[in-house]
>>> print(open('run22.cif').read())   # mmCIF, C-alpha atoms
data_model
#
loop_
_atom_site.label_atom_id
_atom_site.label_comp_id
_atom_site.auth_asym_id
_atom_site.auth_seq_id
_atom_site.Cartn_x
_atom_site.Cartn_y
_atom_site.Cartn_z
CA MET L 1 -3.74 8.66 9.10
CA ILE L 2 -5.92 11.63 8.28
CA TYR L 3 -6.33 13.76 5.14
CA HIS L 4 -7.45 17.38 5.07
CA ASN L 5 -9.45 19.58 2.67
CA ILE L 6 -11.22 16.68 0.95
CA LYS L 7 -13.52 17.14 -2.04
CA LYS L 8 -15.59 14.66 -4.01
CA GLY L 9 -15.05 14.44 -7.76
CA ILE L 10 -15.78 12.48 -10.93
CA PHE L 11 -12.90 10.77 -12.71
CA LYS L 12 -12.68 11.52 -16.44
CA GLU L 13 -9.37 10.23 -17.77
CA ARG L 14 -5.75 9.61 -16.91
CA GLU L 15 -3.37 11.67 -19.00
CA ASN L 16 -0.33 9.72 -17.78
CA ARG L 17 0.93 7.92 -14.68
CA PHE L 18 0.99 11.13 -12.65
CA ILE L 19 -1.93 13.23 -13.90
CA ALA L 20 -5.68 12.60 -14.08
CA LEU L 21 -8.53 14.82 -15.27
CA ILE L 22 -11.24 15.00 -12.61
CA GLU L 23 -14.43 17.03 -12.48
CA ILE L 24 -14.59 18.92 -9.18
CA ASP L 25 -17.38 21.38 -8.38
CA GLY L 26 -18.43 21.36 -12.05
CA LYS L 27 -14.95 22.12 -13.40
CA VAL L 28 -12.45 19.64 -14.86
CA GLU L 29 -9.14 19.88 -12.98
CA ARG L 30 -5.73 18.32 -13.57
CA CYS L 31 -4.95 16.27 -10.45
CA HIS L 32 -1.84 14.53 -9.19
CA VAL L 33 -2.27 10.72 -9.02
CA LYS L 34 -0.55 9.43 -5.88
CA ASN L 35 -0.12 5.97 -7.38
CA THR L 36 1.94 5.05 -10.45
CA GLY L 37 0.35 1.58 -10.73
CA ARG L 38 -2.16 0.69 -13.42
CA CYS L 39 -5.36 0.87 -11.32
CA LYS L 40 -7.30 0.17 -14.52
CA GLU L 41 -10.15 -1.55 -12.70
CA LEU L 42 -10.54 1.50 -10.43
CA LEU L 43 -9.90 4.56 -12.58
CA VAL L 44 -12.79 4.14 -14.98
CA PHE L 45 -14.78 6.88 -16.67
CA ASN L 46 -17.18 8.67 -14.30
CA ALA L 47 -15.98 6.80 -11.19
CA GLU L 48 -16.62 8.72 -7.98
CA VAL L 49 -13.37 9.76 -6.33
CA PHE L 50 -12.04 11.80 -3.43
CA VAL L 51 -9.26 14.35 -3.83
CA GLU L 52 -7.24 16.37 -1.35
CA GLU L 53 -6.97 20.10 -2.05
CA ASN L 54 -3.53 21.60 -1.55
CA PHE L 55 -2.64 25.27 -1.24
CA SER L 56 1.13 25.27 -1.79
CA GLU L 57 2.29 27.62 -4.54
CA LYS L 58 5.16 25.22 -5.29
CA ARG L 59 2.79 22.54 -6.59
CA LYS L 60 1.91 22.23 -10.27
CA THR L 61 -1.52 20.78 -9.43
CA LYS L 62 -4.01 21.97 -6.85
CA PHE L 63 -5.48 18.53 -6.07
CA SER L 64 -4.23 15.02 -5.31
CA LEU L 65 -6.31 11.92 -6.04
CA ILE L 66 -6.43 9.71 -2.94
CA SER L 67 -9.36 7.29 -3.20
CA VAL L 68 -11.99 5.77 -5.48
CA ILE L 69 -15.45 4.35 -4.87
CA LYS L 70 -15.92 0.88 -6.39
CA ASN L 71 -19.10 -1.12 -5.73
CA ASN L 72 -19.98 1.31 -2.91
CA ILE L 73 -16.62 0.65 -1.19
CA ILE L 74 -13.98 3.34 -0.73
CA ILE L 75 -10.57 2.12 -1.93
CA ASN L 76 -7.55 4.23 -1.02
CA ILE L 77 -5.02 4.41 -3.88
CA ASP L 78 -2.46 6.69 -2.24
CA SER L 79 0.79 4.70 -2.49
CA GLN L 80 2.24 6.61 0.49
CA ALA L 81 -0.68 5.78 2.78
CA PRO L 82 0.31 2.18 3.72
CA ASN L 83 3.71 3.23 5.12
CA LYS L 84 2.16 6.13 7.03
CA ALA L 85 -0.54 3.85 8.46
CA VAL L 86 2.01 1.17 9.42
CA SER L 87 4.25 3.77 11.07
CA GLU L 88 1.35 4.94 13.24
CA TRP L 89 0.34 1.34 13.94
CA LEU L 90 3.85 0.31 15.04
CA LYS L 91 4.10 3.32 17.34
CA GLU L 92 0.77 2.29 18.86
CA ASN L 93 2.10 -1.26 19.55
CA GLY L 94 0.02 -2.75 16.76
CA LEU L 95 2.52 -5.48 15.87
CA PHE L 96 4.94 -5.46 18.81
CA ASN L 97 4.56 -4.13 22.34
CA ASP L 98 8.26 -3.97 23.22
CA ILE L 99 9.91 -1.79 20.55
CA THR L 100 13.12 -0.12 21.70
CA LEU L 101 14.07 1.39 18.31
CA LEU L 102 12.03 2.17 15.20
CA LYS L 103 13.59 3.61 12.01
CA SER L 104 12.21 4.03 8.49
CA GLU L 105 13.92 3.61 5.11
CA VAL L 106 16.84 1.49 6.32
CA ARG L 107 19.31 -0.05 3.86
CA PHE L 108 20.23 -3.74 3.92
CA LYS L 109 22.37 -5.26 1.14
CA ASN L 110 21.02 -3.72 -2.10
CA SER L 111 17.56 -2.89 -0.77
CA ARG L 112 16.07 -0.13 1.33
CA PHE L 113 13.39 -1.60 3.57
CA ASP L 114 10.48 0.42 4.88
CA PHE L 115 11.13 -0.14 8.59
CA TYR L 116 13.81 -1.43 10.92
CA VAL L 117 12.74 -2.44 14.43
CA GLU L 118 14.74 -3.40 17.48
CA ARG L 119 13.14 -5.17 20.43
CA GLY L 120 16.02 -5.60 22.81
CA ASP L 121 18.47 -7.88 20.99
CA ILE L 122 15.91 -8.84 18.30
CA LYS L 123 16.46 -6.95 15.04
CA SER L 124 13.76 -6.98 12.35
CA PHE L 125 13.32 -5.62 8.83
CA ILE L 126 9.81 -4.85 7.59
CA GLU L 127 8.73 -4.32 3.99
CA VAL L 128 5.25 -2.86 3.37
CA LYS L 129 3.25 -3.45 0.19
CA GLY L 130 0.07 -1.50 -0.53
CA VAL L 131 -2.72 -3.52 -2.18
CA THR L 132 -5.48 -1.92 -4.27
CA LEU L 133 -6.37 -4.80 -6.61
CA GLU L 134 -9.57 -6.64 -5.63
CA GLU L 135 -12.00 -9.00 -7.31
CA ASN L 136 -14.95 -10.69 -5.60
CA ARG L 137 -13.53 -9.58 -2.22
CA ILE L 138 -10.19 -11.30 -2.92
CA ALA L 139 -7.18 -8.98 -2.75
CA ARG L 140 -4.12 -9.57 -4.92
CA PHE L 141 -0.64 -8.12 -5.35
CA PRO L 142 0.95 -6.92 -7.57
CA ASP L 143 -1.21 -5.33 -10.27
CA ALA L 144 1.85 -5.12 -12.56
CA PRO L 145 5.14 -7.08 -12.71
CA THR L 146 7.58 -5.92 -10.04
CA LYS L 147 11.24 -6.93 -10.26
CA ARG L 148 11.94 -4.59 -7.36
CA GLY L 149 9.37 -6.40 -5.23
CA VAL L 150 10.93 -9.79 -6.02
CA LYS L 151 14.38 -8.45 -5.12
CA HIS L 152 13.05 -7.22 -1.77
CA ILE L 153 11.71 -10.67 -0.96
CA TYR L 154 14.98 -12.49 -1.61
CA GLU L 155 16.97 -9.93 0.36
CA LEU L 156 14.61 -10.35 3.32
CA CYS L 157 15.53 -14.04 3.10
CA GLN L 158 19.19 -12.99 3.37
CA ALA L 159 18.33 -11.03 6.50
CA ILE L 160 16.91 -14.24 7.97
CA GLU L 161 20.13 -16.07 7.09
CA GLU L 162 22.12 -13.44 9.00
CA GLY L 163 20.06 -13.97 12.14
CA HIS L 164 17.53 -11.16 11.84
CA LYS L 165 13.74 -11.30 11.74
CA ALA L 166 11.94 -10.31 8.53
CA TYR L 167 8.37 -9.30 7.73
CA ILE L 168 6.38 -8.56 4.59
CA ILE L 169 3.15 -6.77 5.44
CA PHE L 170 0.48 -6.39 2.75
CA ILE L 171 -1.74 -3.44 3.58
CA ILE L 172 -5.03 -3.89 1.74
CA GLN L 173 -6.34 -0.39 1.17
CA MET L 174 -10.00 -1.31 1.64
CA LYS L 175 -12.26 -3.25 4.00
CA ASN L 176 -14.25 -6.51 4.00
CA ILE L 177 -11.72 -8.74 2.20
CA LEU L 178 -12.07 -12.53 2.34
CA TRP L 179 -8.40 -13.31 1.79
CA PHE L 180 -5.17 -12.15 0.16
CA GLU L 181 -3.20 -14.04 -2.49
CA PRO L 182 -0.29 -13.31 -4.84
CA ASN L 183 -1.28 -12.29 -8.36
CA TYR L 184 0.23 -15.29 -10.17
CA VAL L 185 -1.33 -14.30 -13.50
CA THR L 186 0.36 -10.90 -13.60
CA ASP L 187 3.64 -11.78 -11.87
CA PRO L 188 4.29 -15.50 -11.27
CA GLU L 189 7.87 -14.75 -10.12
CA PHE L 190 6.56 -12.65 -7.24
CA GLY L 191 4.28 -15.48 -6.10
CA LYS L 192 7.13 -17.99 -6.38
CA ALA L 193 9.42 -15.74 -4.33
CA LEU L 194 6.74 -15.26 -1.66
CA LYS L 195 6.31 -19.02 -1.24
CA TYR L 196 10.09 -19.43 -0.96
CA ALA L 197 10.29 -16.65 1.64
CA GLU L 198 7.65 -18.30 3.81
CA LYS L 199 9.69 -21.52 3.84
CA GLN L 200 12.80 -19.52 4.82
CA GLY L 201 11.03 -18.03 7.83
CA VAL L 202 9.94 -14.62 6.56
CA ASN L 203 6.75 -13.57 8.34
CA ILE L 204 4.09 -12.81 5.73
CA LEU L 205 1.11 -10.83 7.01
CA ALA L 206 -1.90 -9.09 5.49
CA TYR L 207 -4.26 -6.54 7.03
CA ASP L 208 -7.25 -4.73 5.65
CA CYS L 209 -8.00 -1.10 6.49
CA ASP L 210 -10.81 0.98 7.85
CA ILE L 211 -11.34 3.62 5.15
CA GLY L 212 -13.26 6.86 5.15
CA PHE L 213 -13.31 9.82 2.79
CA ASN L 214 -10.58 11.49 4.88
CA PHE L 215 -8.77 8.71 6.75
CA MET L 216 -7.17 5.25 6.56
CA THR L 217 -6.23 3.09 9.54
CA ILE L 218 -5.16 -0.54 9.82
CA ASN L 219 -8.14 -2.68 10.76
CA LYS L 220 -7.67 -6.46 11.12
CA LYS L 221 -5.58 -9.40 9.95
CA VAL L 222 -6.64 -11.06 6.68
CA LYS L 223 -6.14 -14.71 5.74
CA ILE L 224 -3.34 -15.39 3.25
CA LYS L 225 -3.47 -18.06 0.55
CA LEU L 226 -0.14 -18.73 -1.14
#
>>> encode(input="run22.cif", output="structure tokens")
Amino acid sequence: MIYHNIKKGIFKERENRFIALIEIDGKVERCHVKNTGRCKELLVFNAEVFVEENFSEKRKTKFSLISVIKNNIIINIDSQAPNKAVSEWLKENGLFNDITLLKSEVRFKNSRFDFYVERGDIKSFIEVKGVTLEENRIARFPDAPTKRGVKHIYELCQAIEEGHKAYIIFIIQMKNILWFEPNYVTDPEFGKALKYAEKQGVNILAYDCDIGFNFMTINKKVKIKL
């Protein structure tokens, strides 16, 4: 996926979950934050960031914050980017080479999963999780407790019970990761649910991404440690 009209900036502060103050071309601008997570280890004072300039008169802010530089690595923090990247990847036969039907945002039970795939008679549900939390090249999810994420996992297990295939794909929004693991400290219930799902036959995958100042594409599979 590709971004347009990119500018470099300096992060100053986060007013709330949706708005950050960022210095761009010598002027402090109010920018939309495309991630409602904490991102405390990324959005630090004077961090170098990249923003996308928008020209729609309907918008309240002119810029959107899309990525941060941490330890000389670009980390994408756009929460919409993983789904867009996975959609492109699936259409390019990244996971399957025999898709006969691909739909997004499909409801099953009480959840709405990111993708539904048919390969002949094989029906699969796919849930995508974007990962921005990293320490010593180890990626973790989530960065805050997520009851919704736990619910998704157990309902994917129900899909397995009804004869479907199920996938959880962690898209690590950076490169050069050693492995992925659940964040047991922040959300032990999520880690517990993930272990249970693996035993029930849910396919758990993780991929890092090739990141540039104006693009993000899925790169390669990353080892998972549950």
>>> closest_residue(input="run22.cif", among="L:His32, L:Lys220, L:Arg140, L:His152", to="Lys109 of chain L", atoms="only C-alpha atoms")
L:His152
>>> closest_residue(input="run22.cif", among="L:Asn71, L:Asn97, L:Asn76, L:Asn214", to="Arg119 of chain L", atoms="all atoms listed in the file")
L:Asn97
>>> closest_residue(input="run22.cif", among="L:Ile169, L:Ala206, L:Cys31, L:Leu194", to="Leu226 of chain L", atoms="only C-alpha atoms")
L:Leu194
>>> residues_around(input="run22.cif", residues="Gly163 of chain L", least_positions_apart="4", cutoff="12 Å", atoms="only C-alpha atoms", output="VMD selection string")
chain L and resid 121 to 125 156 to 159 200 to 202
>>> write_last_selection(input="run22.cif", atoms="C-alpha atoms", output="short mmCIF file (atom, residue, chain, number, x, y, z; two decimals), in the coordinates of the input")
data_model
loop_
_atom_site.label_atom_id
_atom_site.label_comp_id
_atom_site.auth_asym_id
_atom_site.auth_seq_id
_atom_site.Cartn_x
_atom_site.Cartn_y
_atom_site.Cartn_z
CA ASP L 121 18.47 -7.88 20.99
CA ILE L 122 15.91 -8.84 18.30
CA LYS L 123 16.46 -6.95 15.04
CA SER L 124 13.76 -6.98 12.35
CA PHE L 125 13.32 -5.62 8.83
CA LEU L 156 14.61 -10.35 3.32
CA CYS L 157 15.53 -14.04 3.10
CA GLN L 158 19.19 -12.99 3.37
CA ALA L 159 18.33 -11.03 6.50
CA GLN L 200 12.80 -19.52 4.82
CA GLY L 201 11.03 -18.03 7.83
CA VAL L 202 9.94 -14.62 6.56
#
>>> closest_residue(input="run22.cif", among="L:Arg30, L:Asn83, L:Ala166, L:Met216", to="Arg59 of chain L", atoms="only C-alpha atoms")
L:Arg30
>>> resolve_selection(input="run22.cif", expression="the PyMOL selection byres ((chain L and resi 10) around 12)", output="PyMOL selection string")
chain L and resi 7-9+11-13+20-31+43-51+65+67-69
>>> atom_distance(input="run22.cif", atom1="atom CA of Glu189 of chain L", atom2="atom CA of Lys129 of chain L")
16.0 Å
>>> residues_near_point(input="run22.cif", point="(-11.3, -9.6, 2.9)", cutoff="7 Å", atoms="all atoms listed in the file", output="ChimeraX atom specification")
/L:137-138,175-179,208,222
>>> write_last_selection(input="run22.cif", atoms="C-alpha atoms", output="PDB file, in the coordinates of the input")
ATOM      1  CA  ARG L 137     -13.530  -9.580  -2.220  1.00  0.00           C
ATOM      2  CA  ILE L 138     -10.190 -11.300  -2.920  1.00  0.00           C
ATOM      3  CA  LYS L 175     -12.260  -3.250   4.000  1.00  0.00           C
ATOM      4  CA  ASN L 176     -14.250  -6.510   4.000  1.00  0.00           C
ATOM      5  CA  ILE L 177     -11.720  -8.740   2.200  1.00  0.00           C
ATOM      6  CA  LEU L 178     -12.070 -12.530   2.340  1.00  0.00           C
ATOM      7  CA  TRP L 179      -8.400 -13.310   1.790  1.00  0.00           C
ATOM      8  CA  ASP L 208      -7.250  -4.730   5.650  1.00  0.00           C
ATOM      9  CA  VAL L 222      -6.640 -11.060   6.680  1.00  0.00           C
TER      10      VAL L 222
END
>>> residues_near_point(input="run22.cif", point="(0.5, 4.9, -9.7)", cutoff="10 Å", atoms="only C-alpha atoms", output="list in words")
Asn16, Arg17, Phe18, Ile19, His32, Val33, Lys34, Asn35, Thr36, Gly37, Arg38, Cys39, Ile77, Asp78 and Ser79 of chain L
>>> resolve_selection(input="run22.cif", expression="the PyMOL selection byres ((chain L and resi 182) around 6)", output="list in words")
Arg140, Phe141, Glu181, Asn183, Tyr184 and Gly191 of chain L
>>> closest_residue(input="run22.cif", among="L:Ile2, L:Ala85, L:Leu90, L:Ile99", to="Glu52 of chain L", atoms="all atoms listed in the file")
L:Ile2
>>> closest_residue(input="run22.cif", among="L:Phe55, L:Phe108, L:Tyr154, L:Tyr116", to="Lys195 of chain L", atoms="only C-alpha atoms")
L:Tyr154
>>> atom_distance(input="run22.cif", atom1="atom CA of Arg107 of chain L", atom2="atom CA of Ala139 of chain L")
28.7 Å
>>> resolve_selection(input="run22.cif", expression="the PyMOL selection byres ((chain L and resi 144) around 8)", output="mmCIF file with C-alpha atoms, in the coordinates of the input")
data_model
loop_
_atom_site.group_PDB
_atom_site.id
_atom_site.type_symbol
_atom_site.label_atom_id
_atom_site.label_comp_id
_atom_site.auth_asym_id
_atom_site.auth_seq_id
_atom_site.Cartn_x
_atom_site.Cartn_y
_atom_site.Cartn_z
ATOM 1 C CA GLY L 37 0.350 1.580 -10.730
ATOM 2 C CA ARG L 38 -2.160 0.690 -13.420
ATOM 3 C CA PRO L 142 0.950 -6.920 -7.570
ATOM 4 C CA ASP L 143 -1.210 -5.330 -10.270
ATOM 5 C CA PRO L 145 5.140 -7.080 -12.710
ATOM 6 C CA THR L 146 7.580 -5.920 -10.040
ATOM 7 C CA THR L 186 0.360 -10.900 -13.600
ATOM 8 C CA ASP L 187 3.640 -11.780 -11.870
#
>>> residues_around(input="run22.cif", residues="Ile211 of chain L", least_positions_apart="5", cutoff="7 Å", atoms="all atoms listed in the file", output="PyMOL selection string")
chain L and resi 74+174+216-217
>>> atom_distance(input="run22.cif", atom1="atom CA of Ile171 of chain L", atom2="atom CA of Leu205 of chain L")
8.6 Å
>>> axis_aligned_box(input="run22.cif", around="segment 192-201 of chain L", padding_each_side="3 Å", output="lines of an AutoDock Vina configuration file")
center_x = 9.6
center_y = -18.4
center_z = 0.7
size_x = 12.5
size_y = 12.3
size_z = 20.2
>>> build_atoms(input="run22.cif", residues="segment 69-97 of chain L", atoms="N, CA and C atoms", output="short mmCIF file (atom, residue, chain, number, x, y, z; two decimals), keeping the file's coordinate frame")
data_model
loop_
_atom_site.label_atom_id
_atom_site.label_comp_id
_atom_site.auth_asym_id
_atom_site.auth_seq_id
_atom_site.Cartn_x
_atom_site.Cartn_y
_atom_site.Cartn_z
N ILE L 69 -14.33 5.18 -5.31
CA ILE L 69 -15.45 4.35 -4.87
C ILE L 69 -15.71 3.28 -5.93
N LYS L 70 -15.65 2.01 -5.50
CA LYS L 70 -15.92 0.88 -6.39
C LYS L 70 -16.91 -0.05 -5.69
N ASN L 71 -18.05 -0.28 -6.33
CA ASN L 71 -19.10 -1.12 -5.73
C ASN L 71 -19.46 -0.65 -4.32
N ASN L 72 -19.59 0.66 -4.17
CA ASN L 72 -19.98 1.31 -2.91
C ASN L 72 -18.93 1.17 -1.80
N ILE L 73 -17.72 0.77 -2.16
CA ILE L 73 -16.62 0.65 -1.19
C ILE L 73 -15.56 1.68 -1.52
N ILE L 74 -15.07 2.39 -0.51
CA ILE L 74 -13.98 3.34 -0.73
C ILE L 74 -12.66 2.58 -0.74
N ILE L 75 -11.89 2.74 -1.81
CA ILE L 75 -10.57 2.12 -1.93
C ILE L 75 -9.53 3.23 -1.99
N ASN L 76 -8.63 3.24 -1.03
CA ASN L 76 -7.55 4.23 -1.02
C ASN L 76 -6.50 3.81 -2.03
N ILE L 77 -6.05 4.74 -2.89
CA ILE L 77 -5.02 4.41 -3.88
C ILE L 77 -3.76 5.25 -3.69
N ASP L 78 -3.65 5.90 -2.56
CA ASP L 78 -2.46 6.69 -2.24
C ASP L 78 -1.33 5.73 -1.89
N SER L 79 -0.29 5.67 -2.72
CA SER L 79 0.79 4.70 -2.49
C SER L 79 1.63 5.03 -1.26
N GLN L 80 1.51 6.24 -0.73
CA GLN L 80 2.24 6.61 0.49
C GLN L 80 1.46 6.27 1.75
N ALA L 81 0.18 6.01 1.61
CA ALA L 81 -0.68 5.78 2.78
C ALA L 81 -0.31 4.52 3.57
N PRO L 82 -0.01 3.37 2.93
CA PRO L 82 0.31 2.18 3.72
C PRO L 82 1.47 2.38 4.68
N ASN L 83 2.57 3.01 4.23
CA ASN L 83 3.71 3.23 5.12
C ASN L 83 3.35 4.16 6.27
N LYS L 84 2.57 5.21 5.97
CA LYS L 84 2.16 6.13 7.03
C LYS L 84 1.27 5.41 8.06
N ALA L 85 0.36 4.58 7.55
CA ALA L 85 -0.54 3.85 8.46
C ALA L 85 0.24 2.84 9.30
N VAL L 86 1.21 2.15 8.68
CA VAL L 86 2.01 1.17 9.42
C VAL L 86 2.89 1.86 10.46
N SER L 87 3.45 3.02 10.11
CA SER L 87 4.25 3.77 11.07
C SER L 87 3.44 4.11 12.31
N GLU L 88 2.23 4.62 12.11
CA GLU L 88 1.35 4.94 13.24
C GLU L 88 1.01 3.69 14.04
N TRP L 89 0.74 2.62 13.32
CA TRP L 89 0.34 1.34 13.94
C TRP L 89 1.47 0.77 14.79
N LEU L 90 2.70 0.81 14.27
CA LEU L 90 3.85 0.31 15.04
C LEU L 90 4.07 1.13 16.30
N LYS L 91 3.92 2.45 16.17
CA LYS L 91 4.10 3.32 17.34
C LYS L 91 3.01 3.10 18.38
N GLU L 92 1.88 2.58 17.93
CA GLU L 92 0.77 2.29 18.86
C GLU L 92 0.78 0.83 19.33
N ASN L 93 1.93 0.15 19.14
CA ASN L 93 2.10 -1.26 19.55
C ASN L 93 1.17 -2.21 18.81
N GLY L 94 0.91 -1.91 17.53
CA GLY L 94 0.02 -2.75 16.76
C GLY L 94 0.59 -4.13 16.44
N LEU L 95 1.90 -4.21 16.20
CA LEU L 95 2.52 -5.48 15.87
C LEU L 95 3.37 -6.00 17.02
N PHE L 96 4.10 -5.11 17.66
CA PHE L 96 4.94 -5.46 18.81
C PHE L 96 4.60 -4.53 19.98
N ASN L 97 4.81 -5.00 21.18
CA ASN L 97 4.56 -4.13 22.34
C ASN L 97 5.84 -3.84 23.12
#
